$ cat start-v5.cif   # mmCIF, C-alpha atoms
data_entry
#
loop_
_atom_site.label_atom_id
_atom_site.label_comp_id
_atom_site.auth_asym_id
_atom_site.auth_seq_id
_atom_site.Cartn_x
_atom_site.Cartn_y
_atom_site.Cartn_z
CA MET A 117 39.71 10.09 101.12
CA PRO A 118 36.18 8.66 101.19
CA PRO A 119 33.52 11.26 100.43
CA ARG A 120 31.56 12.94 103.19
CA ILE A 121 28.34 12.32 101.26
CA GLN A 122 27.53 10.02 98.34
CA ILE A 123 24.47 10.81 96.26
CA SER A 124 23.65 8.35 93.48
CA ILE A 125 21.53 9.02 90.42
CA THR A 126 19.87 5.94 88.93
CA GLY A 127 16.48 4.99 87.53
CA GLY A 128 16.18 1.49 86.10
CA LYS A 129 14.98 2.53 82.67
CA GLY A 130 17.40 3.85 80.08
CA GLY A 131 16.89 7.30 78.63
CA THR A 132 14.93 8.79 81.53
CA GLY A 133 17.48 11.55 82.00
CA LYS A 134 19.84 10.20 84.67
CA SER A 135 22.88 11.90 83.17
CA PHE A 136 20.86 15.06 82.49
CA VAL A 137 19.97 15.25 86.20
CA ALA A 138 23.52 14.32 87.24
CA VAL A 139 25.33 17.06 85.27
CA ASN A 140 22.85 19.75 86.33
CA LEU A 141 23.05 18.81 90.01
CA ALA A 142 26.85 18.60 89.79
CA THR A 143 26.90 22.11 88.32
CA LEU A 144 24.68 23.50 91.09
CA LEU A 145 26.41 21.66 93.94
CA ALA A 146 29.87 22.71 92.71
CA LYS A 147 29.10 26.36 93.46
CA LYS A 148 29.48 25.70 97.17
CA HIS A 149 31.04 22.25 97.53
CA ARG A 150 33.93 20.23 96.19
CA VAL A 151 32.21 17.74 93.88
CA LEU A 152 33.38 14.60 92.14
CA LEU A 153 30.94 13.39 89.50
CA ALA A 154 31.56 9.69 88.76
CA ASP A 155 30.11 8.48 85.49
CA LEU A 156 29.76 4.77 86.32
CA ASP A 157 27.75 3.87 83.25
CA LEU A 158 30.77 1.99 81.90
CA GLU A 159 28.96 0.66 78.85
CA ALA A 160 27.70 4.04 77.66
CA PRO A 161 29.22 6.91 79.63
CA ASN A 162 28.23 10.32 78.33
CA ASP A 163 28.25 12.90 81.12
CA HIS A 164 31.24 14.48 79.35
CA ILE A 165 29.14 14.93 76.23
CA LEU A 166 26.35 16.63 78.16
CA LEU A 167 28.97 18.89 79.71
CA GLY A 168 30.34 19.73 76.28
CA LEU A 169 33.87 18.58 77.16
CA GLU A 170 36.18 18.25 74.19
CA ARG A 171 38.35 15.54 75.68
CA LEU A 172 38.79 13.34 78.71
CA GLU A 173 42.03 13.66 80.68
CA ASN A 174 44.34 11.43 82.75
CA GLU A 175 43.68 8.04 81.22
CA GLU A 176 44.36 5.04 83.43
CA PRO A 177 43.91 1.38 82.45
CA VAL A 178 41.50 -0.67 84.58
CA LYS A 179 43.16 -4.04 84.98
CA ILE A 180 41.77 -7.27 86.38
CA PHE A 181 43.65 -10.48 87.18
CA LEU A 182 44.28 -12.95 84.36
CA PRO A 183 45.91 -16.36 84.98
CA PHE A 184 49.09 -17.36 83.19
CA ILE A 185 50.08 -21.02 83.50
CA ASN A 186 53.64 -21.98 84.43
CA TYR A 187 54.06 -25.07 82.25
CA ASN A 188 57.07 -26.27 84.29
CA LYS A 189 55.02 -26.50 87.47
CA CYS A 190 51.61 -27.56 86.10
CA THR A 191 50.78 -31.26 86.63
CA ARG A 192 47.45 -31.10 84.73
CA CYS A 193 45.58 -31.92 87.96
CA GLY A 194 42.54 -30.01 86.68
CA VAL A 195 41.65 -28.15 89.89
CA CYS A 196 41.78 -24.75 88.17
CA VAL A 197 39.33 -25.87 85.47
CA LYS A 198 36.93 -27.19 88.15
CA VAL A 199 36.91 -24.00 90.24
CA CYS A 200 36.62 -21.61 87.29
CA ASP A 201 33.16 -20.09 87.56
CA THR A 202 33.09 -18.55 84.10
CA GLY A 203 34.43 -21.41 81.96
CA ALA A 204 37.57 -19.50 81.04
CA LEU A 205 39.95 -22.47 81.35
CA LEU A 206 40.18 -25.53 79.13
CA MET A 207 42.40 -28.55 79.64
CA PRO A 208 43.07 -30.00 76.18
CA PRO A 209 44.32 -33.60 75.88
CA ARG A 210 48.00 -33.94 76.78
CA SER A 211 48.57 -30.23 77.38
CA PRO A 212 48.40 -27.85 80.35
CA PRO A 213 45.27 -25.68 80.61
CA ILE A 214 44.74 -22.81 78.21
CA VAL A 215 43.08 -19.53 79.16
CA PHE A 216 40.27 -17.73 77.33
CA PRO A 217 40.93 -14.14 78.47
CA ARG A 218 37.58 -12.71 77.41
CA LEU A 219 35.71 -15.18 79.61
CA CYS A 220 37.86 -14.61 82.72
CA SER A 221 36.26 -12.39 85.38
CA GLY A 222 39.52 -12.04 87.31
CA CYS A 223 38.15 -13.75 90.45
CA MET A 224 41.52 -15.45 91.21
CA ALA A 225 39.91 -18.72 92.38
CA CYS A 226 42.34 -20.68 90.18
CA TYR A 227 45.30 -18.71 91.53
CA TYR A 228 44.45 -19.55 95.14
CA THR A 229 43.43 -23.19 94.64
CA CYS A 230 46.30 -24.41 92.43
CA PRO A 231 48.12 -26.88 94.68
CA TYR A 232 51.37 -26.45 92.72
CA ASN A 233 51.59 -22.65 92.55
CA ALA A 234 51.61 -23.03 88.80
CA ILE A 235 49.46 -19.98 88.18
CA ILE A 236 51.22 -16.69 87.60
CA GLU A 237 49.43 -13.43 88.29
CA GLY A 238 48.88 -11.62 85.00
CA GLY A 239 46.59 -8.78 84.07
CA HIS A 240 43.91 -7.98 81.51
CA ILE A 241 42.76 -4.43 80.69
CA ILE A 242 38.94 -4.41 80.57
CA ALA A 243 38.28 -0.68 80.82
CA TYR A 244 39.88 2.74 81.12
CA SER A 245 39.15 5.47 83.61
CA TYR A 246 39.59 9.20 82.97
CA LEU A 247 39.85 11.96 85.54
CA THR A 248 38.92 15.27 83.96
CA HIS A 249 39.10 18.62 85.68
CA VAL A 250 35.96 20.43 84.55
CA ARG A 251 36.40 24.21 84.46
CA LYS A 252 33.36 25.31 82.52
CA HIS A 253 29.93 26.87 82.88
CA GLY A 254 31.20 29.07 85.72
CA VAL A 255 32.04 26.20 88.06
CA GLU A 256 34.82 23.74 88.81
CA PHE A 257 34.53 20.07 89.65
CA LYS A 258 36.11 16.72 88.88
CA LEU A 259 34.63 14.17 86.51
CA LEU A 260 35.68 10.52 86.72
CA THR A 261 34.59 8.52 83.68
CA GLY A 262 34.83 4.74 83.28
CA ILE A 263 34.75 3.32 79.77
CA LEU A 264 34.50 -0.41 79.18
CA ARG A 265 36.45 -1.89 76.29
CA PRO A 266 33.81 -2.83 73.73
CA GLY A 267 32.88 -6.50 73.79
CA GLU A 268 34.12 -7.24 77.31
CA GLU A 269 32.11 -9.97 79.03
CA HIS A 270 32.42 -8.78 82.62
CA VAL A 271 31.35 -5.29 83.70
CA PRO A 272 31.17 -5.61 87.53
CA PRO A 273 34.90 -6.19 88.22
CA GLY A 274 35.82 -3.12 86.15
CA LEU A 275 33.08 -1.01 87.66
CA ALA A 276 34.16 -1.95 91.18
CA ILE A 277 37.70 -0.71 90.45
CA VAL A 278 36.48 2.62 89.03
CA LYS A 279 34.08 3.02 91.96
CA ASP A 280 36.91 2.42 94.46
CA LYS A 281 38.94 5.08 92.72
CA ALA A 282 36.00 7.51 92.89
CA ARG A 283 35.73 7.03 96.64
CA ARG A 284 39.50 7.32 97.10
CA ILE A 285 39.86 10.62 95.26
CA SER A 286 36.67 12.41 96.28
CA ASP A 287 36.88 14.93 99.08
CA ASP A 288 33.42 16.22 99.86
CA ILE A 289 30.49 15.17 97.68
CA LEU A 290 30.57 12.12 95.45
CA LEU A 291 27.81 12.24 92.86
CA VAL A 292 27.44 8.86 91.18
CA ASP A 293 25.69 8.52 87.82
CA THR A 294 24.77 4.86 87.19
CA GLY A 295 23.78 3.15 83.98
CA ALA A 296 20.33 1.76 83.28
CA GLY A 297 19.23 -1.53 84.76
CA THR A 298 18.94 -3.21 88.15
CA GLY A 299 21.71 -5.81 88.08
CA ASN A 300 24.84 -6.12 90.16
CA THR A 301 26.67 -3.48 88.12
CA ILE A 302 24.09 -1.02 89.44
CA SER A 303 24.30 -2.34 93.02
CA ILE A 304 28.07 -1.80 93.00
CA ALA A 305 27.60 1.76 91.76
CA LEU A 306 24.95 2.42 94.45
CA GLN A 307 26.97 0.95 97.31
CA TYR A 308 27.64 3.40 100.22
CA SER A 309 24.95 5.86 99.03
CA ASP A 310 23.64 8.35 101.57
CA LEU A 311 20.82 9.11 99.17
CA VAL A 312 19.62 7.54 95.91
CA ILE A 313 17.78 9.71 93.41
CA ALA A 314 15.83 7.61 90.91
CA VAL A 315 14.96 9.39 87.66
CA THR A 316 11.80 8.21 85.93
CA GLU A 317 9.22 9.43 83.43
CA PRO A 318 5.41 9.36 83.33
CA THR A 319 5.17 6.35 81.03
CA PRO A 320 4.33 2.69 81.71
CA LEU A 321 7.97 1.84 80.93
CA GLY A 322 9.26 4.42 83.38
CA LEU A 323 6.86 3.14 86.03
CA HIS A 324 7.79 -0.51 85.56
CA ASP A 325 11.53 0.03 85.71
CA LEU A 326 11.21 2.52 88.56
CA GLU A 327 9.55 -0.12 90.69
CA SER A 328 12.40 -2.54 89.93
CA ILE A 329 15.11 -0.07 90.92
CA LEU A 330 13.25 1.06 94.06
CA GLU A 331 13.07 -2.57 95.12
CA VAL A 332 16.85 -2.77 94.79
CA VAL A 333 17.37 0.51 96.65
CA GLU A 334 15.07 -0.55 99.48
CA GLY A 335 16.83 -3.91 99.65
CA LEU A 336 20.16 -2.14 100.01
CA GLY A 337 18.65 0.04 102.73
CA TYR A 338 19.27 3.49 101.23
CA ARG A 339 17.14 6.64 101.41
CA SER A 340 15.38 7.36 98.12
CA TRP A 341 14.03 10.36 96.27
CA VAL A 342 12.46 10.31 92.82
CA VAL A 343 12.66 12.79 89.97
CA ILE A 344 9.84 12.55 87.41
CA ASN A 345 11.38 13.86 84.22
CA ARG A 346 9.27 14.95 81.21
CA TYR A 347 6.42 15.63 83.61
CA GLY A 348 3.20 16.26 81.70
CA ILE A 349 3.43 13.62 79.00
CA GLY A 350 1.44 11.03 80.97
CA ASP A 351 -0.19 10.02 84.23
CA ILE A 352 1.72 9.67 87.48
CA GLU A 353 -1.03 8.22 89.69
CA LYS A 354 0.50 4.75 89.71
CA HIS A 355 3.93 6.29 90.29
CA LEU A 356 2.62 7.84 93.48
CA GLU A 357 1.44 4.44 94.74
CA VAL A 358 4.88 3.00 94.05
CA PHE A 359 6.51 5.86 96.00
CA LYS A 360 4.43 4.92 99.04
CA LYS A 361 5.13 1.22 98.69
CA TYR A 362 8.90 1.79 98.66
CA ARG A 363 8.95 4.65 101.19
CA VAL A 364 10.24 7.27 98.78
CA GLU A 365 10.89 10.34 100.94
CA ARG A 366 10.29 13.03 98.34
CA TYR A 367 9.65 13.46 94.67
CA PHE A 368 10.21 16.29 92.19
CA LYS A 369 8.80 17.08 88.77
CA ILE A 370 10.81 18.32 85.81
CA PRO A 371 8.39 19.63 83.17
CA TYR A 372 8.57 18.40 79.59
CA SER A 373 10.17 21.25 77.68
CA MET A 374 12.10 22.04 74.50
CA ASP A 375 14.56 23.93 76.73
CA ALA A 376 15.82 20.61 78.02
CA VAL A 377 16.27 19.27 74.51
CA GLU A 378 18.18 22.39 73.41
CA SER A 379 20.58 22.27 76.36
CA TYR A 380 21.05 18.54 75.74
CA VAL A 381 21.95 19.09 72.10
CA LYS A 382 24.27 22.02 72.87
CA GLY A 383 26.13 20.19 75.64
CA ILE A 384 25.46 22.91 78.20
CA PRO A 385 23.72 22.12 81.51
CA ILE A 386 20.29 23.75 81.40
CA VAL A 387 20.88 25.60 84.69
CA VAL A 388 23.62 27.45 82.78
CA TYR A 389 22.03 27.51 79.32
CA LYS A 390 18.62 28.81 80.44
CA PRO A 391 18.60 29.65 84.16
CA SER A 392 15.05 30.99 83.98
CA SER A 393 13.56 27.90 82.35
CA PRO A 394 10.94 25.98 84.37
CA VAL A 395 13.26 23.00 83.99
CA SER A 396 16.07 24.91 85.70
CA ARG A 397 13.70 25.97 88.45
CA SER A 398 13.00 22.29 89.16
CA PHE A 399 16.71 21.74 89.56
CA TYR A 400 16.97 24.67 92.01
CA GLU A 401 14.24 23.02 94.05
CA ILE A 402 16.06 19.68 94.14
CA HIS A 403 19.30 21.46 94.94
CA ARG A 404 17.71 23.35 97.83
CA ALA A 405 16.24 20.14 99.23
CA LEU A 406 19.66 18.49 99.04
CA GLU A 407 21.27 21.39 100.91
CA ASP A 408 18.56 21.33 103.58
CA GLU A 409 18.01 17.63 104.09
CA VAL A 410 21.10 15.75 102.98
CA LEU A 411 24.25 17.88 103.02
CA MET B 38 40.65 -48.96 67.19
CA PRO B 39 37.15 -47.63 67.87
CA THR B 40 36.41 -44.01 67.07
CA ARG B 41 34.34 -41.91 69.49
CA ILE B 42 31.88 -39.44 67.93
CA ALA B 43 29.75 -36.93 69.88
CA PHE B 44 26.54 -35.49 68.48
CA ALA B 45 25.17 -32.26 69.98
CA THR B 46 21.56 -33.29 70.68
CA ASN B 47 18.39 -32.31 72.52
CA LYS B 48 16.97 -35.35 74.34
CA GLY B 49 19.71 -37.52 72.91
CA GLY B 50 19.80 -40.79 70.96
CA LEU B 51 19.99 -41.74 67.28
CA GLU B 52 16.36 -40.73 66.65
CA ASP B 53 16.96 -37.18 67.87
CA ASN B 54 17.82 -34.09 65.80
CA ILE B 55 21.08 -32.20 65.87
CA ALA B 56 20.64 -29.40 68.43
CA ASP B 57 20.31 -25.79 67.29
CA ARG B 58 23.16 -24.59 69.51
CA PHE B 59 26.49 -26.17 70.26
CA GLY B 60 27.68 -24.93 73.68
CA ARG B 61 24.19 -25.00 75.14
CA ALA B 62 22.96 -28.24 73.53
CA PRO B 63 21.15 -30.11 76.34
CA THR B 64 22.93 -33.41 75.70
CA PHE B 65 25.68 -35.10 73.73
CA THR B 66 24.96 -38.47 72.15
CA ILE B 67 28.19 -40.43 72.24
CA VAL B 68 28.57 -43.06 69.54
CA ASP B 69 31.53 -45.46 69.35
CA ILE B 70 32.19 -47.02 65.96
CA ASP B 71 34.69 -49.60 64.76
CA ASP B 72 36.95 -49.27 61.73
CA GLU B 73 34.17 -50.54 59.46
CA GLY B 74 31.80 -47.84 60.70
CA ARG B 75 29.65 -50.26 62.69
CA ILE B 76 28.08 -48.85 65.82
CA LEU B 77 29.54 -50.42 68.94
CA SER B 78 27.69 -48.39 71.54
CA VAL B 79 25.38 -45.40 71.98
CA ARG B 80 24.95 -43.38 75.18
CA VAL B 81 23.64 -39.99 76.14
CA VAL B 82 25.48 -37.61 78.49
CA GLU B 83 24.38 -34.25 79.84
CA ASN B 84 26.20 -31.17 78.62
CA PRO B 85 27.44 -29.07 81.54
CA GLY B 86 27.48 -26.09 79.16
CA ALA B 87 23.69 -26.21 78.84
CA LYS B 88 23.10 -24.60 82.21
CA ALA B 89 26.34 -22.62 82.55
CA GLY B 90 26.05 -18.90 83.20
CA SER B 91 29.15 -18.20 81.19
CA GLY B 92 31.67 -20.08 79.08
CA ALA B 93 29.15 -22.67 77.85
CA GLY B 94 31.23 -23.54 74.79
CA ILE B 95 34.37 -24.14 76.83
CA ARG B 96 32.55 -26.32 79.37
CA ALA B 97 30.97 -28.34 76.59
CA VAL B 98 34.36 -28.92 74.95
CA GLN B 99 35.96 -29.81 78.30
CA LYS B 100 33.31 -32.51 78.71
CA LEU B 101 34.12 -33.86 75.24
CA VAL B 102 37.84 -33.86 76.04
CA ASP B 103 37.23 -35.71 79.31
CA LEU B 104 35.16 -38.31 77.43
CA GLY B 105 37.94 -38.85 74.88
CA VAL B 106 35.82 -37.70 71.93
CA GLU B 107 37.66 -37.39 68.59
CA ILE B 108 34.89 -36.09 66.33
CA VAL B 109 32.01 -33.80 67.18
CA VAL B 110 28.90 -33.26 65.07
CA GLY B 111 26.63 -30.29 65.70
CA PRO B 112 25.52 -26.89 64.47
CA SER B 113 28.29 -24.36 63.84
CA PRO B 114 30.07 -23.86 67.16
CA GLY B 115 30.42 -20.36 68.61
CA PRO B 116 33.80 -18.59 68.58
CA ASN B 117 34.89 -19.80 72.04
CA ALA B 118 33.83 -23.38 71.42
CA TYR B 119 35.49 -23.29 68.00
CA MET B 120 38.80 -22.14 69.50
CA ALA B 121 38.52 -24.75 72.24
CA LEU B 122 37.80 -27.57 69.77
CA GLN B 123 40.83 -26.54 67.72
CA GLN B 124 43.03 -26.50 70.81
CA ALA B 125 41.69 -29.87 71.88
CA GLY B 126 42.30 -31.35 68.42
CA ILE B 127 38.67 -32.46 68.06
CA LYS B 128 37.41 -32.64 64.49
CA ILE B 129 34.22 -30.65 63.78
CA PHE B 130 31.38 -31.49 61.40
CA SER B 131 28.80 -28.71 61.13
CA LEU B 132 25.57 -30.37 60.03
CA PRO B 133 22.71 -28.26 61.32
CA GLY B 134 19.09 -29.23 60.69
CA LEU B 135 19.71 -32.96 60.27
CA THR B 136 18.62 -35.95 62.33
CA VAL B 137 21.40 -37.74 64.20
CA LYS B 138 21.03 -40.70 61.82
CA GLU B 139 21.36 -38.54 58.71
CA ALA B 140 24.32 -36.73 60.20
CA PHE B 141 25.93 -40.05 61.14
CA GLU B 142 25.65 -41.30 57.53
CA ARG B 143 27.25 -38.08 56.25
CA VAL B 144 30.13 -38.37 58.69
CA LEU B 145 30.75 -42.00 57.72
CA LYS B 146 30.88 -41.00 54.05
CA GLU B 147 33.42 -38.30 54.85
CA LEU B 148 35.54 -40.64 56.95
CA ARG B 149 35.61 -43.23 54.14
CA LYS B 150 36.97 -40.72 51.63
#
$ encode --input "start-v5.cif" --output "structure tokens"
Amino acid sequence: MPPRIQISITGGKGGTGKSFVAVNLATLLAKKHRVLLADLDLEAPNDHILLGLERLENEEPVKIFLPFINYNKCTRCGVCVKVCDTGALLMPPRSPPIVFPRLCSGCMACYYTCPYNAIIEGGHIIAYSYLTHVRKHGVEFKLLTGILRPGEEHVPPGLAIVKDKARRISDDILLVDTGAGTGNTISIALQYSDLVIAVTEPTPLGLHDLESILEVVEGLGYRSWVVINRYGIGDIEKHLEVFKKYRVERYFKIPYSMDAVESYVKGIPIVVYKPSSPVSRSFYEIHRALEDEVL
Amino acid sequence: MPTRIAFATNKGGLEDNIADRFGRAPTFTIVDIDDEGRILSVRVVENPGAKAGSGAGIRAVQKLVDLGVEIVVGPSPGPNAYMALQQAGIKIFSLPGLTVKEAFERVLKELRK
């Protein structure tokens, strides 16, 4: 069933604390709601590490289409090679086409355009998804993790499949944790968001990448909030201008604190590890705003 | 029987240098030679791999196959291009850092052996 509400955590820059925010909000939201946390950072998923989980459960291969050529039907007409957008097909002299699996994005253009039905539908595993039932830290929720096979050329087709699964199996709140960046892998993760929370930091790098991601979020037409993590280590004046420019509805500050580092290292969400920490109090504030204005 | 040799080049032509990359070399300089190694013709073709978003090596090799090239001279090809050249039965000479002329002389020497 599609979720009632999808909240996506993103940020542009890597290392701002997207996953840190995601696991803490998941922990707080799970007290009252049924939550599915989807770790859609397929190239470096680590929500499970921040949650201190020992293992991921319910492995499922993520398969995309891969062409197989029926040599009895192929006439070497060359249409498949011409339509291939990723250069994954080669027609050697005097032989039917050969496929380079790593280059294939699974788009199926060759399959549909072959005039001789000489292309057989095969599959190629590019990632694995894991559905883990988290029963820890006094709460219960589901964690869906996508992990790309190292070295794969195409992330978006795999991410789209894991995202579809997340929407299919969530029942109330879907909390999406995206990877860093602003490309189409991030757009796919953000799709259908009711609210996007961009995590940034008071540094020139955080500012620059925040502006990029807010441009994407505005282009997609989603509501946006910002969390300034490590507040106190630098200026946020220019951040505030950017919030106005991109119509950011609200922003929150998470103070720079060793508490956060300790919880990070221990693999325990800070709202559980140190509920009285100023960092935890920031999360209560975000949580309250979510309950009041989004849920 | 003439032999068709392709050089991975920048602007192209015998005065040019061998390109630094194979799949994304801007051009291929196609040289036909006779059995004595005399040059019959020289022409420059664009490499579709140069501007490809993905699969540059494969697109470059497909172009060479379509042109009927038997020998290719360039820098070391990448893994995809290498596999494709093997499958296509095109002979590879890796001669990075040379001018086309120098590379051509080296290839002739090898062919005469």
$ resolve_selection --input "start-v5.cif" --expression "the PyMOL selection byres ((chain B) within 10 of (chain A))" --output "list in words"
Gly86, Ala89, Gly90, Ser91, Gly92, Ala93, Gly94, Ile95, Arg96, Ala97, Val98, Gln99, Lys100, Leu101, Val102, Asp103, Gly105, Asn117, Met120, Ala121, Leu122, Gln123, Gln124, Ala125, Gly126 and Ile127 of chain B
$ residues_around --input "start-v5.cif" --residues "segment 366-372 of chain A" --least-positions-apart "3" --cutoff "10 Å" --atoms "only C-alpha atoms" --output "JSON, numbers by chain"
{"A": [137, 313, 314, 315, 316, 317, 339, 340, 341, 342, 343, 344, 345, 346, 347, 348, 349, 356, 359, 363, 375, 376, 377, 393, 394, 395, 396, 397, 398, 399, 401, 402, 405]}
$ resolve_selection --input "start-v5.cif" --expression "the PyMOL selection byres ((chain A and resi 175-178) around 12)" --output "MDAnalysis selection string"
chainID A and resid 158 171:174 179:181 222 239:248 260:265 271:281
$ write_last_selection --input "start-v5.cif" --atoms "C-alpha atoms" --output "PDB file, in the frame of the given file"
ATOM      1  CA  LEU A 158      30.770   1.990  81.900  1.00  0.00           C
ATOM      2  CA  ARG A 171      38.350  15.540  75.680  1.00  0.00           C
ATOM      3  CA  LEU A 172      38.790  13.340  78.710  1.00  0.00           C
ATOM      4  CA  GLU A 173      42.030  13.660  80.680  1.00  0.00           C
ATOM      5  CA  ASN A 174      44.340  11.430  82.750  1.00  0.00           C
ATOM      6  CA  LYS A 179      43.160  -4.040  84.980  1.00  0.00           C
ATOM      7  CA  ILE A 180      41.770  -7.270  86.380  1.00  0.00           C
ATOM      8  CA  PHE A 181      43.650 -10.480  87.180  1.00  0.00           C
ATOM      9  CA  GLY A 222      39.520 -12.040  87.310  1.00  0.00           C
ATOM     10  CA  GLY A 239      46.590  -8.780  84.070  1.00  0.00           C
ATOM     11  CA  HIS A 240      43.910  -7.980  81.510  1.00  0.00           C
ATOM     12  CA  ILE A 241      42.760  -4.430  80.690  1.00  0.00           C
ATOM     13  CA  ILE A 242      38.940  -4.410  80.570  1.00  0.00           C
ATOM     14  CA  ALA A 243      38.280  -0.680  80.820  1.00  0.00           C
ATOM     15  CA  TYR A 244      39.880   2.740  81.120  1.00  0.00           C
ATOM     16  CA  SER A 245      39.150   5.470  83.610  1.00  0.00           C
ATOM     17  CA  TYR A 246      39.590   9.200  82.970  1.00  0.00           C
ATOM     18  CA  LEU A 247      39.850  11.960  85.540  1.00  0.00           C
ATOM     19  CA  THR A 248      38.920  15.270  83.960  1.00  0.00           C
ATOM     20  CA  LEU A 260      35.680  10.520  86.720  1.00  0.00           C
ATOM     21  CA  THR A 261      34.590   8.520  83.680  1.00  0.00           C
ATOM     22  CA  GLY A 262      34.830   4.740  83.280  1.00  0.00           C
ATOM     23  CA  ILE A 263      34.750   3.320  79.770  1.00  0.00           C
ATOM     24  CA  LEU A 264      34.500  -0.410  79.180  1.00  0.00           C
ATOM     25  CA  ARG A 265      36.450  -1.890  76.290  1.00  0.00           C
ATOM     26  CA  VAL A 271      31.350  -5.290  83.700  1.00  0.00           C
ATOM     27  CA  PRO A 272      31.170  -5.610  87.530  1.00  0.00           C
ATOM     28  CA  PRO A 273      34.900  -6.190  88.220  1.00  0.00           C
ATOM     29  CA  GLY A 274      35.820  -3.120  86.150  1.00  0.00           C
ATOM     30  CA  LEU A 275      33.080  -1.010  87.660  1.00  0.00           C
ATOM     31  CA  ALA A 276      34.160  -1.950  91.180  1.00  0.00           C
ATOM     32  CA  ILE A 277      37.700  -0.710  90.450  1.00  0.00           C
ATOM     33  CA  VAL A 278      36.480   2.620  89.030  1.00  0.00           C
ATOM     34  CA  LYS A 279      34.080   3.020  91.960  1.00  0.00           C
ATOM     35  CA  ASP A 280      36.910   2.420  94.460  1.00  0.00           C
ATOM     36  CA  LYS A 281      38.940   5.080  92.720  1.00  0.00           C
TER      37      LYS A 281
END
$ resolve_selection --input "start-v5.cif" --expression "the PyMOL selection byres ((chain A and resi 331) around 12)" --output "MDAnalysis selection string"
chainID A and resid 127:128 298:299 303 314 324:330 332:340 358:359 361:364
$ atom_distance --input "start-v5.cif" --atom1 "atom CA of Val139 of chain A" --atom2 "atom CA of Gly350 of chain A"
25.0 Å
$ residues_near_point --input "start-v5.cif" --point "(28.6, -29.5, 64.6)" --cutoff "9 Å" --atoms "all atoms listed in the file" --output "ChimeraX atom specification"
/B:44-45,55-56,58-59,109-114,129-133
$ residues_around --input "start-v5.cif" --residues "Lys48 of chain B" --least-positions-apart "6" --cutoff "9 Å" --atoms "only C-alpha atoms" --output "list in words"
Asn54, Pro63, Thr64, Phe65, Thr66 and Val81 of chain B
$ atom_distance --input "start-v5.cif" --atom1 "atom CA of Asn233 of chain A" --atom2 "atom CA of Ile185 of chain A"
9.3 Å
$ atom_distance --input "start-v5.cif" --atom1 "atom CA of Pro320 of chain A" --atom2 "atom CA of Lys129 of chain A"
10.7 Å
$ closest_residue --input "start-v5.cif" --among "B:Ile76, B:Ala87, B:Val82, B:Leu51" --to "Leu145 of chain B" --atoms "only C-alpha atoms"
B:Ile76
$ closest_residue --input "start-v5.cif" --among "B:Arg61, B:Val68, B:Asn84, B:Leu77" --to "Lys138 of chain B" --atoms "all atoms listed in the file"
B:Val68
$ closest_residue --input "start-v5.cif" --among "B:Thr40, B:Pro116, B:Gly134, B:Asp57" --to "Leu148 of chain B" --atoms "only C-alpha atoms"
B:Thr40
$ closest_residue --input "start-v5.cif" --among "B:Glu52, B:Asp72, B:Met38, B:Lys88" --to "Glu139 of chain B" --atoms "all atoms listed in the file"
B:Glu52
$ residues_around --input "start-v5.cif" --residues "Pro385 of chain A" --least-positions-apart "3" --cutoff "8 Å" --atoms "only C-alpha atoms" --output "VMD selection string"
chain A and resid 136 139 to 140 143 166 to 167 253 379 to 380 388 to 389
$ closest_residue --input "start-v5.cif" --among "A:Cys193, A:Gly267, A:Glu237, A:Val292" --to "Lys134 of chain A" --atoms "only C-alpha atoms"
A:Val292
$ residues_around --input "start-v5.cif" --residues "Gln122 of chain A" --least-positions-apart "6" --cutoff "8 Å" --atoms "only C-alpha atoms" --output "number ranges by chain"
A: 289-292, 308-311
$ decode --input "start-v5.cif" --residues "segment 233-239 of chain A" --atoms "N, CA, C and O atoms" --output "compact mmCIF listing (two decimals), in the first residue's frame"
# COMPACT_ATOMS: atom_id res chain seq x y z
N ASN A 233 12.06 -10.31 -33.36
CA ASN A 233 11.86 -10.92 -32.03
C ASN A 233 13.03 -11.81 -31.64
O ASN A 233 12.84 -12.90 -31.10
N ALA A 234 14.21 -11.35 -31.96
CA ALA A 234 15.40 -12.18 -31.70
C ALA A 234 16.01 -11.88 -30.33
O ALA A 234 17.05 -12.44 -29.99
N ILE A 235 15.36 -11.00 -29.57
CA ILE A 235 15.93 -10.68 -28.26
C ILE A 235 15.10 -11.32 -27.16
O ILE A 235 13.87 -11.16 -27.09
N ILE A 236 15.77 -12.09 -26.34
CA ILE A 236 15.13 -12.83 -25.27
C ILE A 236 15.31 -12.03 -23.99
O ILE A 236 16.37 -11.43 -23.76
N GLU A 237 14.26 -12.03 -23.16
CA GLU A 237 14.29 -11.23 -21.94
C GLU A 237 15.08 -11.97 -20.85
O GLU A 237 14.63 -12.97 -20.30
N GLY A 238 16.25 -11.45 -20.56
CA GLY A 238 17.06 -12.02 -19.48
C GLY A 238 17.16 -11.02 -18.35
O GLY A 238 16.59 -9.93 -18.42
N GLY A 239 17.87 -11.36 -17.31
CA GLY A 239 17.97 -10.47 -16.16
C GLY A 239 19.41 -10.32 -15.67
O GLY A 239 20.28 -11.14 -15.96
